[in-house]
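**Student:** File data03.cif follows (mmCIF, C-alpha atoms):
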```
data_coords
loop_
_atom_site.label_atom_id
_atom_site.label_comp_id
_atom_site.auth_asym_id
_atom_site.auth_seq_id
_atom_site.Cartn_x
_atom_site.Cartn_y
_atom_site.Cartn_z
CA MET D 1 0.00 0.00 0.00
CA PRO D 2 2.14 2.94 -1.22
CA THR D 3 2.01 6.08 0.92
CA LEU D 4 1.75 9.19 -1.24
CA ASN D 5 1.81 11.69 1.66
CA SER D 6 1.66 11.46 5.43
CA ILE D 7 2.12 13.84 8.33
CA VAL D 8 1.67 14.02 12.10
CA HIS D 9 0.57 17.09 14.09
CA ARG D 10 0.19 17.27 17.87
CA ILE D 11 -2.75 18.59 19.87
CA ASP D 12 -1.68 19.38 23.44
CA LYS D 13 -4.21 19.47 26.25
CA SER D 14 -2.88 18.94 29.76
CA SER D 15 -6.18 19.24 31.63
CA SER D 16 -9.89 19.80 31.07
CA ASP D 17 -9.73 23.40 32.32
CA ARG D 18 -6.96 24.51 29.96
CA PRO D 19 -7.48 25.14 26.22
CA ALA D 20 -5.87 22.82 23.71
CA THR D 21 -3.01 24.04 21.53
CA LEU D 22 -1.75 22.80 18.18
CA ALA D 23 1.90 21.99 17.49
CA ALA D 24 1.85 21.67 13.71
CA ALA D 25 4.49 19.92 11.62
CA ASP D 26 6.23 21.86 8.85
CA GLU D 27 6.86 18.93 6.52
CA THR D 28 5.57 15.49 5.63
CA LEU D 29 6.95 12.24 7.02
CA SER D 30 9.76 10.45 5.22
CA ALA D 31 8.97 7.03 3.84
CA SER D 32 10.18 4.13 5.98
CA PRO D 33 9.35 0.48 6.68
CA ALA D 34 8.31 1.47 10.21
CA LEU D 35 5.78 3.98 8.84
CA ASP D 36 4.36 1.40 6.41
CA GLU D 37 4.00 -1.19 9.16
CA MET D 38 2.38 1.32 11.51
CA LEU D 39 -0.15 2.36 8.86
CA ALA D 40 -0.96 -1.29 8.15
CA SER D 41 -1.57 -1.91 11.86
CA LEU D 42 -3.65 1.26 12.10
CA ASN D 43 -5.85 0.14 9.20
CA GLY D 44 -6.33 -3.27 10.78
CA SER D 45 -7.36 -1.74 14.08
CA TYR D 46 -9.67 0.76 12.38
CA HIS D 47 -11.46 -1.84 10.28
CA ALA D 48 -12.26 -3.79 13.45
CA LYS D 49 -14.16 -0.83 14.95
CA THR D 50 -17.85 -0.07 14.71
CA LYS D 51 -18.26 2.56 12.00
CA ALA D 52 -20.79 4.82 10.33
CA TRP D 53 -20.74 5.28 6.55
CA GLY D 54 -21.74 8.28 4.50
CA TYR D 55 -20.71 11.04 2.13
CA PHE D 56 -19.72 14.70 2.25
CA ALA D 57 -22.66 17.07 2.05
CA ASP D 58 -22.74 19.28 -1.05
CA ASP D 59 -23.27 22.37 1.09
CA ALA D 60 -20.63 21.46 3.71
CA ALA D 61 -19.34 24.50 5.59
CA ALA D 62 -15.85 25.80 4.88
CA HIS D 63 -14.53 24.61 8.26
CA THR D 64 -15.46 20.95 7.62
CA LEU D 65 -13.03 18.32 6.38
CA GLY D 66 -15.15 17.72 3.29
CA ALA D 67 -14.79 21.32 2.12
CA MET D 68 -11.08 21.46 2.97
CA LEU D 69 -10.44 18.15 1.21
CA ALA D 70 -12.23 19.38 -1.92
CA ASN D 71 -9.96 22.44 -1.93
CA TYR D 72 -6.88 20.28 -1.46
CA LEU D 73 -7.78 17.90 -4.28
CA GLY D 74 -8.93 20.55 -6.73
CA GLY D 75 -7.20 23.72 -5.61
CA ASP D 76 -3.98 25.53 -6.38
CA ALA D 77 -1.07 23.25 -5.39
CA ALA D 78 0.97 26.30 -4.44
CA THR D 79 -1.43 27.21 -1.64
CA TRP D 80 -3.18 23.91 -0.95
CA ASP D 81 -0.40 21.39 -0.54
CA PHE D 82 -0.73 18.45 1.85
CA VAL D 83 0.93 20.26 4.75
CA ALA D 84 -1.36 23.30 4.51
CA PHE D 85 -4.45 21.15 4.13
CA THR D 86 -3.70 18.98 7.17
CA ARG D 87 -2.70 21.94 9.34
CA GLN D 88 -6.05 23.61 8.71
CA ALA D 89 -7.85 20.31 9.33
CA ALA D 90 -5.95 19.80 12.59
CA GLU D 91 -7.01 23.28 13.73
CA GLY D 92 -10.63 22.22 13.38
CA LEU D 93 -9.99 18.95 15.14
CA LYS D 94 -8.33 20.85 17.99
CA THR D 95 -11.65 22.61 18.70
CA LEU D 96 -13.40 19.24 18.83
CA VAL D 97 -10.82 17.91 21.29
CA ASP D 98 -11.19 21.06 23.39
CA ASP D 99 -14.95 20.63 23.63
CA HIS D 100 -15.21 16.88 24.25
CA LEU D 101 -11.94 15.25 25.35
CA PRO D 102 -9.83 15.59 28.52
CA VAL D 103 -6.52 15.04 26.69
CA GLY D 104 -5.09 15.57 23.24
CA GLY D 105 -2.83 13.39 21.13
CA HIS D 106 -1.04 13.12 17.80
CA VAL D 107 -3.11 13.59 14.65
CA LEU D 108 -2.04 11.42 11.74
CA PHE D 109 -3.07 12.11 8.13
CA ALA D 110 -2.10 9.60 5.44
CA HIS D 111 -2.84 9.74 1.71
CA THR D 112 -2.33 6.21 0.39
CA ARG D 113 -2.95 4.12 -2.71
CA GLN D 114 -4.24 0.56 -2.67
CA GLY D 115 -4.56 -0.99 -6.10
CA ASP D 116 -6.41 1.52 -8.28
CA ALA D 117 -7.99 3.33 -5.31
CA GLU D 118 -6.69 6.21 -3.21
CA TYR D 119 -7.61 6.84 0.42
CA LEU D 120 -7.20 9.52 3.06
CA THR D 121 -6.95 8.13 6.58
CA LEU D 122 -6.90 10.31 9.69
CA ALA D 123 -6.72 9.35 13.33
CA LEU D 124 -6.17 10.94 16.72
CA LEU D 125 -3.48 8.76 18.30
CA HIS D 126 -2.92 8.28 22.02
CA HIS D 127 -0.02 6.65 23.84
CA ARG D 128 0.34 4.10 26.57
CA GLU D 129 3.20 3.44 28.95
CA GLY D 130 5.08 0.18 28.61
CA TYR D 131 8.47 -1.44 29.12
CA GLY D 132 11.30 -2.49 26.85
CA ILE D 133 14.82 -3.90 26.98
CA ASP D 134 17.70 -1.58 26.13
CA ALA D 135 21.09 -2.41 24.56
CA SER D 136 22.51 -3.15 28.02
CA LEU D 137 19.74 -5.73 28.62
CA GLY D 138 18.11 -3.51 31.19
CA VAL D 139 14.39 -2.87 31.60
CA VAL D 140 13.43 0.67 30.57
CA PRO D 141 10.11 2.51 30.33
CA VAL D 142 8.87 3.20 26.79
CA ARG D 143 5.92 5.08 25.32
CA GLN D 144 4.01 3.30 22.61
CA ILE D 145 1.23 4.36 20.24
CA ASN D 146 -1.99 2.73 21.41
CA LEU D 147 -3.57 1.72 18.11
CA GLY D 148 -6.34 -0.11 19.94
CA GLN D 149 -7.65 3.21 21.33
CA LEU D 150 -8.85 5.13 18.30
CA THR D 151 -11.05 7.82 19.81
CA LEU D 152 -11.42 9.68 16.51
CA ALA D 153 -10.64 8.10 13.15
CA ALA D 154 -12.00 8.29 9.62
CA ARG D 155 -11.24 6.98 6.15
CA VAL D 156 -12.21 8.57 2.83
CA ASP D 157 -12.21 6.65 -0.44
CA LEU D 158 -10.91 9.48 -2.62
CA THR D 159 -11.50 7.55 -5.83
CA GLN D 160 -15.20 7.10 -5.09
CA MET D 161 -15.42 10.67 -3.87
CA ARG D 162 -14.07 11.98 -7.18
CA ALA D 163 -16.38 9.70 -9.17
CA GLY D 164 -19.43 11.09 -7.37
CA THR D 165 -21.42 7.85 -7.68
CA SER D 166 -21.32 6.60 -4.08
CA ARG D 167 -23.06 7.63 -0.87
CA GLN D 168 -20.76 5.64 1.40
CA TYR D 169 -17.21 6.69 0.56
CA VAL D 170 -16.61 8.13 4.04
CA SER D 171 -16.40 5.92 7.12
CA TYR D 172 -15.75 7.02 10.69
CA ASN D 173 -15.71 5.29 14.05
CA LYS D 174 -18.52 5.95 16.49
CA ASP D 175 -18.11 3.51 19.36
CA ARG D 176 -16.01 5.61 21.73
CA GLY D 177 -16.47 8.85 23.61
CA GLY D 178 -20.24 9.10 23.68
CA LYS D 179 -22.97 10.48 21.46
CA LYS D 180 -21.96 14.17 21.61
CA LEU D 181 -18.39 13.43 20.53
CA ALA D 182 -19.60 11.19 17.68
CA GLU D 183 -22.02 13.85 16.48
CA GLY D 184 -19.37 16.56 16.78
CA PHE D 185 -16.91 14.46 14.80
CA ARG D 186 -19.51 13.82 12.09
CA ASP D 187 -20.27 17.55 11.89
CA TRP D 188 -16.55 18.38 11.67
CA LEU D 189 -16.20 15.87 8.85
CA GLY D 190 -19.17 17.50 7.08
CA CYS D 191 -20.57 14.04 6.57
CA GLU D 192 -24.13 12.82 6.11
CA GLU D 193 -24.88 9.19 6.89
CA GLY D 194 -25.72 7.40 3.65
CA VAL D 195 -26.05 3.78 4.78
CA ASP D 196 -26.91 2.25 8.14
CA ALA D 197 -24.39 -0.60 8.24
CA THR D 198 -26.11 -2.43 11.09
CA SER D 199 -29.55 -2.29 9.51
CA GLU D 200 -28.28 -3.17 6.03
CA THR D 201 -26.27 -6.14 7.31
CA ARG D 202 -29.23 -7.38 9.33
CA THR D 203 -31.51 -7.11 6.28
CA LEU D 204 -28.97 -8.95 4.12
CA LEU D 205 -28.81 -11.84 6.60
CA LYS D 206 -32.62 -11.96 6.74
CA ALA D 207 -32.74 -12.07 2.92
CA PHE D 208 -30.18 -14.87 2.91
CA SER D 209 -32.17 -16.94 5.43
CA ASP D 210 -35.33 -16.44 3.38
CA TYR D 211 -33.49 -17.48 0.23
CA VAL D 212 -32.11 -20.67 1.80
CA GLU D 213 -35.58 -21.51 3.11
CA SER D 214 -37.20 -20.87 -0.28
CA GLU D 215 -34.71 -23.21 -1.94
CA ASP D 216 -35.50 -25.93 0.63
CA LEU D 217 -31.85 -26.95 0.74
CA PRO D 218 -30.43 -29.94 2.61
CA GLU D 219 -28.69 -29.12 5.89
CA GLU D 220 -25.18 -29.60 4.53
CA ALA D 221 -25.79 -27.33 1.53
CA SER D 222 -27.38 -24.70 3.77
CA ARG D 223 -24.38 -24.78 6.10
CA GLU D 224 -21.94 -24.44 3.19
CA LYS D 225 -23.74 -21.39 1.83
CA THR D 226 -23.90 -19.82 5.29
CA ASP D 227 -20.17 -20.35 5.75
CA ALA D 228 -19.48 -18.82 2.32
CA LEU D 229 -21.48 -15.70 3.21
CA ILE D 230 -19.91 -15.23 6.65
CA ASP D 231 -16.36 -15.84 5.42
CA TYR D 232 -16.75 -13.35 2.57
CA ALA D 233 -18.45 -10.71 4.75
CA ASN D 234 -15.77 -11.00 7.45
CA ASP D 235 -12.99 -10.74 4.86
CA GLN D 236 -14.58 -7.54 3.52
CA ALA D 237 -14.92 -6.17 7.06
CA ARG D 238 -11.26 -6.85 7.83
CA SER D 239 -10.13 -5.04 4.67
CA GLY D 240 -12.56 -2.14 5.13
CA GLU D 241 -14.41 -2.92 1.90
CA PRO D 242 -18.18 -3.23 1.33
CA ILE D 243 -20.10 -6.43 0.62
CA THR D 244 -20.96 -6.43 -3.09
CA LEU D 245 -24.25 -8.21 -3.76
CA ASP D 246 -23.37 -9.59 -7.19
CA GLN D 247 -20.03 -10.91 -5.95
CA LEU D 248 -21.69 -12.45 -2.88
CA SER D 249 -24.29 -14.09 -5.11
CA GLU D 250 -21.55 -15.80 -7.10
CA LEU D 251 -19.98 -17.17 -3.91
CA VAL D 252 -23.28 -18.40 -2.49
CA ASP D 253 -24.12 -20.46 -5.60
CA GLU D 254 -21.39 -21.07 -8.18
CA GLN D 255 -23.79 -23.07 -10.37
CA GLN D 256 -26.34 -20.23 -10.43
CA PRO D 257 -24.24 -17.12 -9.74
CA LYS D 258 -27.16 -14.71 -10.23
CA ALA D 259 -29.77 -16.66 -8.26
CA PHE D 260 -29.32 -14.96 -4.87
CA TYR D 261 -28.90 -11.53 -6.45
CA ASP D 262 -32.10 -11.95 -8.47
CA TYR D 263 -33.95 -13.24 -5.41
CA ILE D 264 -33.03 -10.09 -3.44
CA ARG D 265 -34.14 -7.80 -6.25
CA ASN D 266 -37.39 -9.69 -6.93
CA GLN D 267 -38.36 -9.69 -3.25
CA ASP D 268 -37.54 -5.97 -2.95
CA TYR D 269 -35.57 -5.96 0.30
CA GLY D 270 -34.39 -2.42 -0.46
CA LEU D 271 -30.71 -3.32 -0.14
CA SER D 272 -27.96 -1.21 -1.66
CA PRO D 273 -25.72 -2.88 -4.29
CA GLU D 274 -22.82 -2.40 -1.87
CA ILE D 275 -23.29 -2.91 1.88
CA PRO D 276 -20.75 -1.91 4.55
CA PRO D 277 -20.49 -5.00 6.80
CA ASP D 278 -21.25 -4.63 10.49
CA LYS D 279 -19.03 -7.07 12.40
CA ARG D 280 -21.20 -7.22 15.50
CA THR D 281 -24.23 -8.23 13.46
CA LEU D 282 -22.19 -10.83 11.57
CA GLN D 283 -20.96 -12.35 14.82
CA GLN D 284 -24.55 -12.99 15.85
CA PHE D 285 -25.25 -14.92 12.64
CA ARG D 286 -24.10 -18.33 13.83
CA ARG D 287 -25.67 -21.75 13.94
CA PHE D 288 -26.91 -23.60 17.00
CA THR D 289 -26.19 -27.30 16.59
CA GLY D 290 -26.92 -30.25 18.87
CA ARG D 291 -27.34 -34.00 18.75
CA ALA D 292 -28.83 -36.34 21.37
CA SER D 293 -30.81 -39.61 21.41
CA GLY D 294 -30.95 -39.86 17.63
CA VAL D 295 -32.13 -36.25 17.14
CA SER D 296 -29.92 -33.75 15.30
CA ILE D 297 -30.91 -30.07 15.28
CA SER D 298 -29.20 -27.15 13.60
CA PHE D 299 -30.47 -23.63 12.87
CA ASP D 300 -29.21 -20.08 12.45
CA SER D 301 -28.92 -18.36 15.83
CA HIS D 302 -30.84 -15.26 14.74
CA LEU D 303 -33.96 -17.44 14.19
CA LEU D 304 -34.23 -18.06 17.93
CA GLY D 305 -37.29 -16.17 19.12
CA ASP D 306 -38.69 -15.97 15.59
CA SER D 307 -39.32 -19.24 13.77
CA VAL D 308 -37.72 -21.22 16.61
CA GLU D 309 -38.64 -20.75 20.29
CA TYR D 310 -37.12 -22.25 23.40
CA ASP D 311 -39.42 -23.14 26.28
CA ALA D 312 -37.07 -23.04 29.26
CA GLN D 313 -39.63 -24.36 31.77
CA GLN D 314 -40.25 -27.56 29.84
CA ASP D 315 -36.82 -27.62 28.15
CA ARG D 316 -38.16 -27.95 24.62
CA LEU D 317 -37.77 -26.30 21.24
CA ILE D 318 -40.80 -25.16 19.30
CA ILE D 319 -40.25 -25.05 15.53
CA LYS D 320 -42.83 -22.83 13.85
CA LYS D 321 -41.71 -23.35 10.26
CA VAL D 322 -40.99 -26.99 9.45
CA PRO D 323 -38.68 -27.39 6.43
CA GLY D 324 -40.57 -28.64 3.41
CA GLN D 325 -38.28 -31.61 2.83
CA LEU D 326 -38.68 -32.75 6.43
CA ARG D 327 -42.43 -32.22 6.27
CA GLU D 328 -42.73 -34.47 3.22
CA GLN D 329 -40.68 -37.22 4.86
CA ILE D 330 -42.92 -37.14 7.94
CA LYS D 331 -46.05 -37.23 5.81
CA GLN D 332 -44.79 -40.24 3.84
CA ARG D 333 -43.98 -42.09 7.06
CA ARG D 334 -47.45 -41.47 8.48
CA GLU D 335 -49.28 -42.65 5.36
#
```
Write out the structure in this file as structure tokens.

**Tutor:**
Amino acid sequence: MPTLNSIVHRIDKSSSDRPATLAAADETLSASPALDEMLASLNGSYHAKTKAWGYFADDAAAHTLGAMLANYLGGDAATWDFVAFTRQAAEGLKTLVDDHLPVGGHVLFAHTRQGDAEYLTLALLHHREGYGIDASLGVVPVRQINLGQLTLAARVDLTQMRAGTSRQYVSYNKDRGGKKLAEGFRDWLGCEEGVDATSETRTLLKAFSDYVESEDLPEEASREKTDALIDYANDQARSGEPITLDQLSELVDEQQPKAFYDYIRNQDYGLSPEIPPDKRTLQQFRRFTGRASGVSISFDSHLLGDSVEYDAQQDRLIIKKVPGQLREQIKQRRE
């Protein structure tokens, strides 16, 4: 993942009753293996976070990242180079830190290329105290970037932004710091939420369950298709990429690569062609499996409380929708 430009500024805030100050860098970072490895670790940590997805509003105010980024990408290079752009952005972020956070940190901006796509990644980095071994084999205290604590972080797909065809080219984390900080960060970005990742992922899984049920598949085939969906969705989540419905359809059924895609469109689930995966929702989409006394039961965990109920007092499962294939076997046995 080549790094085209990167820089680090520092926002100092020693206590909640003192205003934050910005110590801005005068030049970009030099390329190094350490920088590449750090950015790779940062991306991995970011992709694991709960995120919102959206796009920059057309009427975004001048102080928002969206407006500043548009000026940087399309403005005069003599006045809107990467250093000037990130310094102005860091000034805006400093106000957000002042209003909502007790401490500051280092602000990283990185303009990278991955394949044919370009991205801008930004993150407020904090440190943690640790220990290391020096050249004399002694134990010494060391300060380390805490990539697991990303209070504020965002990623912009610059290629999609330039194309103007997507409503989910901006992602930003929203699981730390509370609602006011998340809303303030979104406003500073100048972003409008385009896709609800949790809702879209939940609807996709519901559509998949309906599709498997409509096909009346044997248990083994159903399990294979479920595994294919979860593996693909988790891979996309780890790389920070959306689930593409036509690509997923090909993985679900190689013999009929358009079958699942056509089913979704014909049933009108209202899903977007590309869905940002929500990892928490995916983790809930597992199968309960058990075998005892000649009875084998397996079903998707999200069906519990819907088409499958558990009666704890009598320790029994109530299946509301009997699979067609099983129903026919029972009928034949009773005749």

**Student:** List as a list in words the protein and nucleic acid residues near region 9-22 of chain D, meaning an atom at most 9 Å away when all atoms listed in the file are counted, but skip any in the same chain fewer than 5 places from it.

**Tutor:**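 Listed by chain and then number, they are Thr86, Arg87, Ala90, Glu91, Leu93, Lys94, Thr95, Val97, Asp98, Leu101, Pro102, Val103, Gly104, Gly105, His106, Val107, Leu108, Phe109 and Leu124 of chain D.
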
**Student:** Write out as a list in words which residues come within 7 Å of region 53-57 of chain D when counting all atoms listed in the file, dropping same-chain ones fewer than 3 positions away.

**Tutor:**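 That gives Ala60, Gly66, Arg167, Gln168, Tyr169, Val170, Ser171, Tyr172, Gly190, Cys191, Glu192, Glu193, Gly194 and Val195 of chain D.
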
**Student:** Decode the PyMOL selection byres ((chain D and resi 181) around 9) for the given file into explicit residues and return them as number ranges by chain.

**Tutor:** D: 96-97, 99-101, 152, 174, 176-180, 182-186

**Student:** Keeping only C-alpha atoms, take the residues you just selected and write them out as a PDB file, keeping the file's coordinate frame.

**Tutor:**
```pdb
ATOM      1  CA  LEU D  96     -13.400  19.240  18.830  1.00  0.00           C
ATOM      2  CA  VAL D  97     -10.820  17.910  21.290  1.00  0.00           C
ATOM      3  CA  ASP D  99     -14.950  20.630  23.630  1.00  0.00           C
ATOM      4  CA  HIS D 100     -15.210  16.880  24.250  1.00  0.00           C
ATOM      5  CA  LEU D 101     -11.940  15.250  25.350  1.00  0.00           C
ATOM      6  CA  LEU D 152     -11.420   9.680  16.510  1.00  0.00           C
ATOM      7  CA  LYS D 174     -18.520   5.950  16.490  1.00  0.00           C
ATOM      8  CA  ARG D 176     -16.010   5.610  21.730  1.00  0.00           C
ATOM      9  CA  GLY D 177     -16.470   8.850  23.610  1.00  0.00           C
ATOM     10  CA  GLY D 178     -20.240   9.100  23.680  1.00  0.00           C
ATOM     11  CA  LYS D 179     -22.970  10.480  21.460  1.00  0.00           C
ATOM     12  CA  LYS D 180     -21.960  14.170  21.610  1.00  0.00           C
ATOM     13  CA  ALA D 182     -19.600  11.190  17.680  1.00  0.00           C
ATOM     14  CA  GLU D 183     -22.020  13.850  16.480  1.00  0.00           C
ATOM     15  CA  GLY D 184     -19.370  16.560  16.780  1.00  0.00           C
ATOM     16  CA  PHE D 185     -16.910  14.460  14.800  1.00  0.00           C
ATOM     17  CA  ARG D 186     -19.510  13.820  12.090  1.00  0.00           C
TER      18      ARG D 186
END
```

**Student:** Which value, in Å to one decimal, gives the distance between CA of Ala197 (chain D) and CA of Asp278 (chain D)?

**Tutor:** 5.6 Å

**Student:** Please write as a list in words the full residue list that the PyMOL selection byres ((chain D and resi 248-262) around 10) yields on this file.

**Tutor:**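 For this structure, the PyMOL selection byres ((chain D and resi 248-262) around 10) resolves to Ala207, Phe208, Tyr211, Val212, Ser222, Glu224, Lys225, Thr226, Asp227, Ala228, Leu229, Tyr232, Ala233, Ile243, Thr244, Leu245, Asp246, Gln247, Tyr263, Ile264, Arg265, Asn266, Gln267, Asp268 and Pro273 of chain D.
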
**Student:** Please indicate the distance in Å from CA of Pro2 (chain D) to CA of Ala117 (chain D), rounded to one decimal place.

**Tutor:**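 Straight-line distance from CA of Pro2 (chain D) to CA of Ala117 (chain D) works out to 10.9 Å.
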
**Student:** So what do you get for CA of Asn146 (chain D) versus CA of Asp187 (chain D), distance-wise?

**Tutor:** 25.4 Å

**Student:** Could you give me, as a PDB file with C-alpha atoms, in the coordinates of the input, the residues within 10 Å of region 30-39 of chain D, counting all atoms listed in the file and dropping anything in the same chain fewer than 3 positions from it?

**Tutor:**
```
ATOM      1  CA  MET D   1       0.000   0.000   0.000  1.00  0.00           C
ATOM      2  CA  PRO D   2       2.140   2.940  -1.220  1.00  0.00           C
ATOM      3  CA  THR D   3       2.010   6.080   0.920  1.00  0.00           C
ATOM      4  CA  LEU D   4       1.750   9.190  -1.240  1.00  0.00           C
ATOM      5  CA  ASN D   5       1.810  11.690   1.660  1.00  0.00           C
ATOM      6  CA  SER D   6       1.660  11.460   5.430  1.00  0.00           C
ATOM      7  CA  ILE D   7       2.120  13.840   8.330  1.00  0.00           C
ATOM      8  CA  GLU D  27       6.860  18.930   6.520  1.00  0.00           C
ATOM      9  CA  LEU D  42      -3.650   1.260  12.100  1.00  0.00           C
ATOM     10  CA  ASN D  43      -5.850   0.140   9.200  1.00  0.00           C
ATOM     11  CA  GLY D  44      -6.330  -3.270  10.780  1.00  0.00           C
ATOM     12  CA  SER D  45      -7.360  -1.740  14.080  1.00  0.00           C
ATOM     13  CA  LEU D 108      -2.040  11.420  11.740  1.00  0.00           C
ATOM     14  CA  ALA D 110      -2.100   9.600   5.440  1.00  0.00           C
ATOM     15  CA  THR D 112      -2.330   6.210   0.390  1.00  0.00           C
ATOM     16  CA  THR D 121      -6.950   8.130   6.580  1.00  0.00           C
ATOM     17  CA  ILE D 145       1.230   4.360  20.240  1.00  0.00           C
ATOM     18  CA  LEU D 147      -3.570   1.720  18.110  1.00  0.00           C
TER      19      LEU D 147
END
```

**Student:** Determine the nearest neighbour of Ala84 (chain D) from the options D:Asp157, D:Asp26, D:Asp231, D:Asp196, counting all atoms listed in the file.

**Tutor:**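 Distance minimum relative to Ala84 (chain D) lands on D:Asp26.
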
**Student:** Which residues are near His63 (chain D)? Cut-off 9 Å, all atoms listed in the file, ignore same chain within fewer than 6 positions. Put them as a VMD selection string.

**Tutor:** chain D and resid 88 to 89 92 188 to 190

**Student:** Around all of region 63-66 of chain D's listed atoms, make the axis-aligned box with 5 Å on each side and tell me centre and edge lengths in Å to one decimal, as JSON.

**Tutor:**
```
{"center_x": -14.2, "center_y": 21.2, "center_z": 5.8, "size_x": 12.4, "size_y": 16.9, "size_z": 15.0}
```

**Student:** For Arg155 (chain D), which of D:Gly138, D:Arg128, D:Lys51, D:Gly270 is the closest residue, counting only C-alpha atoms?

**Tutor:**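 Checking each of D:Gly138, D:Arg128, D:Lys51, D:Gly270 against Arg155 (chain D), counting only C-alpha atoms, the winner is D:Lys51.
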
**Student:** Got a sec to resolve the PyMOL selection byres ((chain D and resi 324) around 12) on this structure and send the residues as a list of chain:residue names?

**Tutor:**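 What the PyMOL selection byres ((chain D and resi 324) around 12) grabs from the file is D:Val212, D:Glu213, D:Ser214, D:Glu215, D:Asp216, D:Leu217, D:Pro218, D:Lys321, D:Val322, D:Pro323, D:Gln325, D:Leu326, D:Arg327, D:Glu328, D:Gln329, D:Ile330, D:Lys331.
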
**Student:** So that I can check the surroundings of region 279-284 of chain D, please list as number ranges by chain every protein, DNA and RNA residue that reaches within 10 Å of it, counting only C-alpha atoms and ignoring chain neighbours fewer than 3 positions away.

**Tutor:** D: 47-51, 197-202, 205, 229-231, 233-234, 236-238, 276, 287, 300-302

**Student:** I'd like to know which of D:Val308, D:Leu317, D:Ala24, D:Val142 is closest to His127 (chain D), using all atoms listed in the file.

**Tutor:**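 Nearest to His127 (chain D): D:Val142.
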
**Student:** Reconstruct region 88-100 of chain D at the level of N, CA and C atoms, and format the result as a PDB file, in the coordinates of the input.

**Tutor:**
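Result written to selection-v7.pdb:
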```pdb
ATOM      1  N   GLN D  88      -4.743  22.992   8.528  1.00  0.00           N
ATOM      2  CA  GLN D  88      -6.050  23.610   8.710  1.00  0.00           C
ATOM      3  C   GLN D  88      -7.045  22.603   9.277  1.00  0.00           C
ATOM      4  N   ALA D  89      -6.959  21.352   8.808  1.00  0.00           N
ATOM      5  CA  ALA D  89      -7.850  20.310   9.330  1.00  0.00           C
ATOM      6  C   ALA D  89      -7.572  20.060  10.806  1.00  0.00           C
ATOM      7  N   ALA D  90      -6.320  20.029  11.195  1.00  0.00           N
ATOM      8  CA  ALA D  90      -5.950  19.800  12.590  1.00  0.00           C
ATOM      9  C   ALA D  90      -6.441  20.929  13.488  1.00  0.00           C
ATOM     10  N   GLU D  91      -6.465  22.150  12.956  1.00  0.00           N
ATOM     11  CA  GLU D  91      -7.010  23.280  13.730  1.00  0.00           C
ATOM     12  C   GLU D  91      -8.469  23.031  14.084  1.00  0.00           C
ATOM     13  N   GLY D  92      -9.234  22.524  13.112  1.00  0.00           N
ATOM     14  CA  GLY D  92     -10.630  22.220  13.380  1.00  0.00           C
ATOM     15  C   GLY D  92     -10.793  21.077  14.352  1.00  0.00           C
ATOM     16  N   LEU D  93      -9.928  20.101  14.235  1.00  0.00           N
ATOM     17  CA  LEU D  93      -9.990  18.950  15.140  1.00  0.00           C
ATOM     18  C   LEU D  93      -9.602  19.367  16.558  1.00  0.00           C
ATOM     19  N   LYS D  94      -8.725  20.353  16.675  1.00  0.00           N
ATOM     20  CA  LYS D  94      -8.330  20.850  17.990  1.00  0.00           C
ATOM     21  C   LYS D  94      -9.545  21.390  18.749  1.00  0.00           C
ATOM     22  N   THR D  95     -10.429  22.091  18.065  1.00  0.00           N
ATOM     23  CA  THR D  95     -11.650  22.610  18.700  1.00  0.00           C
ATOM     24  C   THR D  95     -12.521  21.474  19.207  1.00  0.00           C
ATOM     25  N   LEU D  96     -12.611  20.403  18.425  1.00  0.00           N
ATOM     26  CA  LEU D  96     -13.400  19.240  18.830  1.00  0.00           C
ATOM     27  C   LEU D  96     -12.812  18.592  20.079  1.00  0.00           C
ATOM     28  N   VAL D  97     -11.495  18.469  20.111  1.00  0.00           N
ATOM     29  CA  VAL D  97     -10.820  17.910  21.290  1.00  0.00           C
ATOM     30  C   VAL D  97     -11.067  18.800  22.501  1.00  0.00           C
ATOM     31  N   ASP D  98     -10.977  20.104  22.296  1.00  0.00           N
ATOM     32  CA  ASP D  98     -11.190  21.060  23.390  1.00  0.00           C
ATOM     33  C   ASP D  98     -12.579  20.907  24.008  1.00  0.00           C
ATOM     34  N   ASP D  99     -13.566  20.676  23.164  1.00  0.00           N
ATOM     35  CA  ASP D  99     -14.950  20.630  23.630  1.00  0.00           C
ATOM     36  C   ASP D  99     -15.332  19.290  24.271  1.00  0.00           C
ATOM     37  N   HIS D 100     -14.687  18.187  23.860  1.00  0.00           N
ATOM     38  CA  HIS D 100     -15.210  16.880  24.250  1.00  0.00           C
ATOM     39  C   HIS D 100     -14.215  15.916  24.895  1.00  0.00           C
TER      40      HIS D 100
END
```
